[in-house]
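Undergrad: Have a look at this one.
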Amino acid sequence: MTKIEVLGTGCAKCKRLFANAEQAVKDLQITAEVIKVEDIAEIVERGVMLPPALSINGEVRAEGRIPDVNEIKKMLTE
Amino acid sequence: MAEKPTCSCGANEPKRIIFPCAGQANVGQLTNLAAIQLTEEGYGNIACAALLAIGTESLVTNAMNADEVVILDGCTMLCAKKIAGAQGVAAGQHLVLTELGITKGPSKSYTDDDVEKIVAACWKGEGRVENIAKPGKKTSGKDSGCGCGGTC
């Protein structure tokens with residue numbers, strides 16, 4: 001199962017990214033786990049210096065910006 | 001009330017400029033409120049469509065230099081889009097509120113949910129315009145339809 005993580009401390013932008021990721025999963029009708037990683041220590045440990053970040057199956061695909069739904073869908077179908 | 005970012009994250013966000021139509025109807029006023037909330041959330045910066053309409057050079061230049069121009073129209077009159085088009089400014093994202101399911105008039109009332117629907121649609125990129133070389137780039141004519149993105 002695809003694992004999508006939104007790494008960010010929980011501000012408005014992080015919430016928007018989380019919503020976009022959920023929408024992308026819904027649109028593609030795939031089974032995926034979308035989770036938030038809000039612990040700053042873990043975020044830094046993962047090498048993310050510019051939150052929010054989007055990680056798909058452990059790989060950071062976007063950092064410091066909010067990809068829109070279509071962009072996330074493309075990432076998920078690559 | 002818009003939720004303001006509590007951190008300085010999002011440093012890689014594109015530079016966006018947002019033009020609400022700001023018409024007198026409820027949907028026009030909603031474009032204004034949504035643009036303000038988007039600005040507060042760090043999506044982009046609200047700018048005045050009326051100022052663009054009179055061809056203010058500095059604003060036209062700013063719009064041309066933006067990574068993306070976001071146009072919010074209340075209804076299918078598409079006033080803001082036409083204003084931008086008259087100055088050669090193309091939208092990277094264009095949303096029409098009535099197409100999002102918000103009814104135009106006769107009431108002037110609106111809800112926070114209406115504003116949230118528009119703001120969320122922007123963040124999701126629901127109005128993204130495909131096939132332009134660079135959003136906001138000056139085009140050779142109004143809706144010429146050549147698809148070159150203003151390079152011809």
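To be explicit about the labels: the chains of the structure tokens are called A, B, and onward in the order shown, and within each one the residues are counted from 1, while ligands get numbers from 1 in the order they are shown.
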Should the cut-off be 9 Å, what would the residue list for chain A against chain B look like, counting only C-alpha atoms, as a ChimeraX atom specification?
TA: /A:8-14,16-17,19-20,23,50-53,63-70
Undergrad: Please return as a ChimeraX atom specification: the residues of region 8-61 of chain B that backbone DSSP assigns to strand (DSSP E).
TA: /B:16-20,45-46
Undergrad: Could you save the residues just selected, with N, CA and C atoms, as a PDB file, in the first residue's frame?
TA:
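The resulting result16.pdb:
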```pdb
ATOM      1  N   ARG B  16       2.830  34.265  -6.494  1.00  0.00           N
ATOM      2  CA  ARG B  16       1.525  34.385  -7.162  1.00  0.00           C
ATOM      3  C   ARG B  16       0.912  35.750  -6.900  1.00  0.00           C
ATOM      4  N   ILE B  17       0.135  36.203  -7.868  1.00  0.00           N
ATOM      5  CA  ILE B  17      -0.629  37.431  -7.702  1.00  0.00           C
ATOM      6  C   ILE B  17      -2.101  37.079  -7.956  1.00  0.00           C
ATOM      7  N   ILE B  18      -2.960  37.535  -7.068  1.00  0.00           N
ATOM      8  CA  ILE B  18      -4.373  37.129  -7.105  1.00  0.00           C
ATOM      9  C   ILE B  18      -5.250  38.333  -7.423  1.00  0.00           C
ATOM     10  N   PHE B  19      -6.042  38.209  -8.469  1.00  0.00           N
ATOM     11  CA  PHE B  19      -6.983  39.273  -8.843  1.00  0.00           C
ATOM     12  C   PHE B  19      -8.416  38.809  -8.616  1.00  0.00           C
ATOM     13  N   PRO B  20      -9.091  39.337  -7.588  1.00  0.00           N
ATOM     14  CA  PRO B  20     -10.521  39.049  -7.416  1.00  0.00           C
ATOM     15  C   PRO B  20     -11.332  40.040  -8.251  1.00  0.00           C
ATOM     16  N   ASN B  45      -0.403  37.038  -3.302  1.00  0.00           N
ATOM     17  CA  ASN B  45      -0.715  38.392  -2.848  1.00  0.00           C
ATOM     18  C   ASN B  45      -1.887  38.954  -3.636  1.00  0.00           C
ATOM     19  N   ILE B  46      -2.878  39.440  -2.911  1.00  0.00           N
ATOM     20  CA  ILE B  46      -4.046  40.039  -3.551  1.00  0.00           C
ATOM     21  C   ILE B  46      -3.646  41.333  -4.242  1.00  0.00           C
TER      22      ILE B  46
END
```
Undergrad: For CA of Val27 (chain B) and CA of Thr39 (chain B), determine how far apart the two atoms are, in Å to one decimal place.
TA: 18.3 Å
Undergrad: For region 34-37 of chain A, list every protein, DNA or RNA residue within 7 Å, evaluated using only C-alpha atoms, and leave out those in the same chain fewer than 6 positions away; present the list as a ChimeraX atom specification.
TA: /A:3-8,22
Undergrad: Distance CA of Val129 (chain B)-CA of Tyr110 (chain B), one decimal place?
TA: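 Taking CA of Val129 (chain B) as the start and CA of Tyr110 (chain B) as the end point, the length is 27.1 Å.
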Undergrad: Name the closest residue to Ile36 (chain B) among the candidates B:Leu72, B:Leu51, B:Val89, B:Ile102; distances are taken between atoms, counting only C-alpha atoms.
TA: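 So, comparing all the options, the nearest one is B:Leu72.
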Undergrad: My list of candidates is B:Lys15, B:Asp112, B:Lys104, B:Ala49. Which is closest to Ala80 (chain B) when distances are computed with only C-alpha atoms?
TA: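 That would be B:Ala49, the residue with the smallest distance to Ala80 (chain B).
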Undergrad: Rounded to one decimal, what separation in Å do you get between CA of Ala62 (chain A) and CA of Ile40 (chain A)?
TA: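 Pair CA of Ala62 (chain A) / CA of Ile40 (chain A) returns 17.1 Å.
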Undergrad: Can you pull out every residue within 8 Å of Ala91 (chain B), counting only C-alpha atoms, but drop anything in the same chain fewer than 2 positions away, and send it as a list in words?
TA: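 Near Ala91 (chain B), the qualifying residues are Glu68, Val69, Val70, Ile71, Lys81, Ala84, Val89, Gln93, His94, Val129, Pro135 and Gly136 of chain B.
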Undergrad: Can you pull out every residue from region 7-65 of chain A that DSSP, working from the backbone, puts in helix (DSSP H, G or I), and format the result as a PyMOL selection string?
TA: chain A and resi 12-28+40-45
Undergrad: Smallest atom-to-atom distance to Asp113 (chain B): which of B:Gly101, B:Thr56, B:Leu95, B:Ala90, using only C-alpha atoms?
TA: B:Gly101
Undergrad: Which residues are close to Val60 (chain A), i.e. within 9 Å by only C-alpha atoms, leaving aside same-chain residues fewer than 3 positions away? Reply as a PDB file with C-alpha atoms, in the first residue's frame.
TA:
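File written: around_18.pdb
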```
ATOM      1  CA  GLU A   5       3.362  11.435   4.527  1.00  0.00           C
ATOM      2  CA  ARG A  46      14.144  12.988   7.619  1.00  0.00           C
ATOM      3  CA  GLY A  47      16.257  15.756   6.080  1.00  0.00           C
ATOM      4  CA  VAL A  48      13.425  18.233   5.554  1.00  0.00           C
ATOM      5  CA  ALA A  53       7.097  18.370   2.598  1.00  0.00           C
ATOM      6  CA  LEU A  54       5.390  15.518   0.817  1.00  0.00           C
ATOM      7  CA  SER A  55       6.870  12.065   1.032  1.00  0.00           C
ATOM      8  CA  ILE A  56       5.668   9.112  -1.012  1.00  0.00           C
ATOM      9  CA  ASN A  57       6.831   5.681   0.097  1.00  0.00           C
ATOM     10  CA  GLU A  63       9.581  20.457  -0.057  1.00  0.00           C
TER      11      GLU A  63
END
```
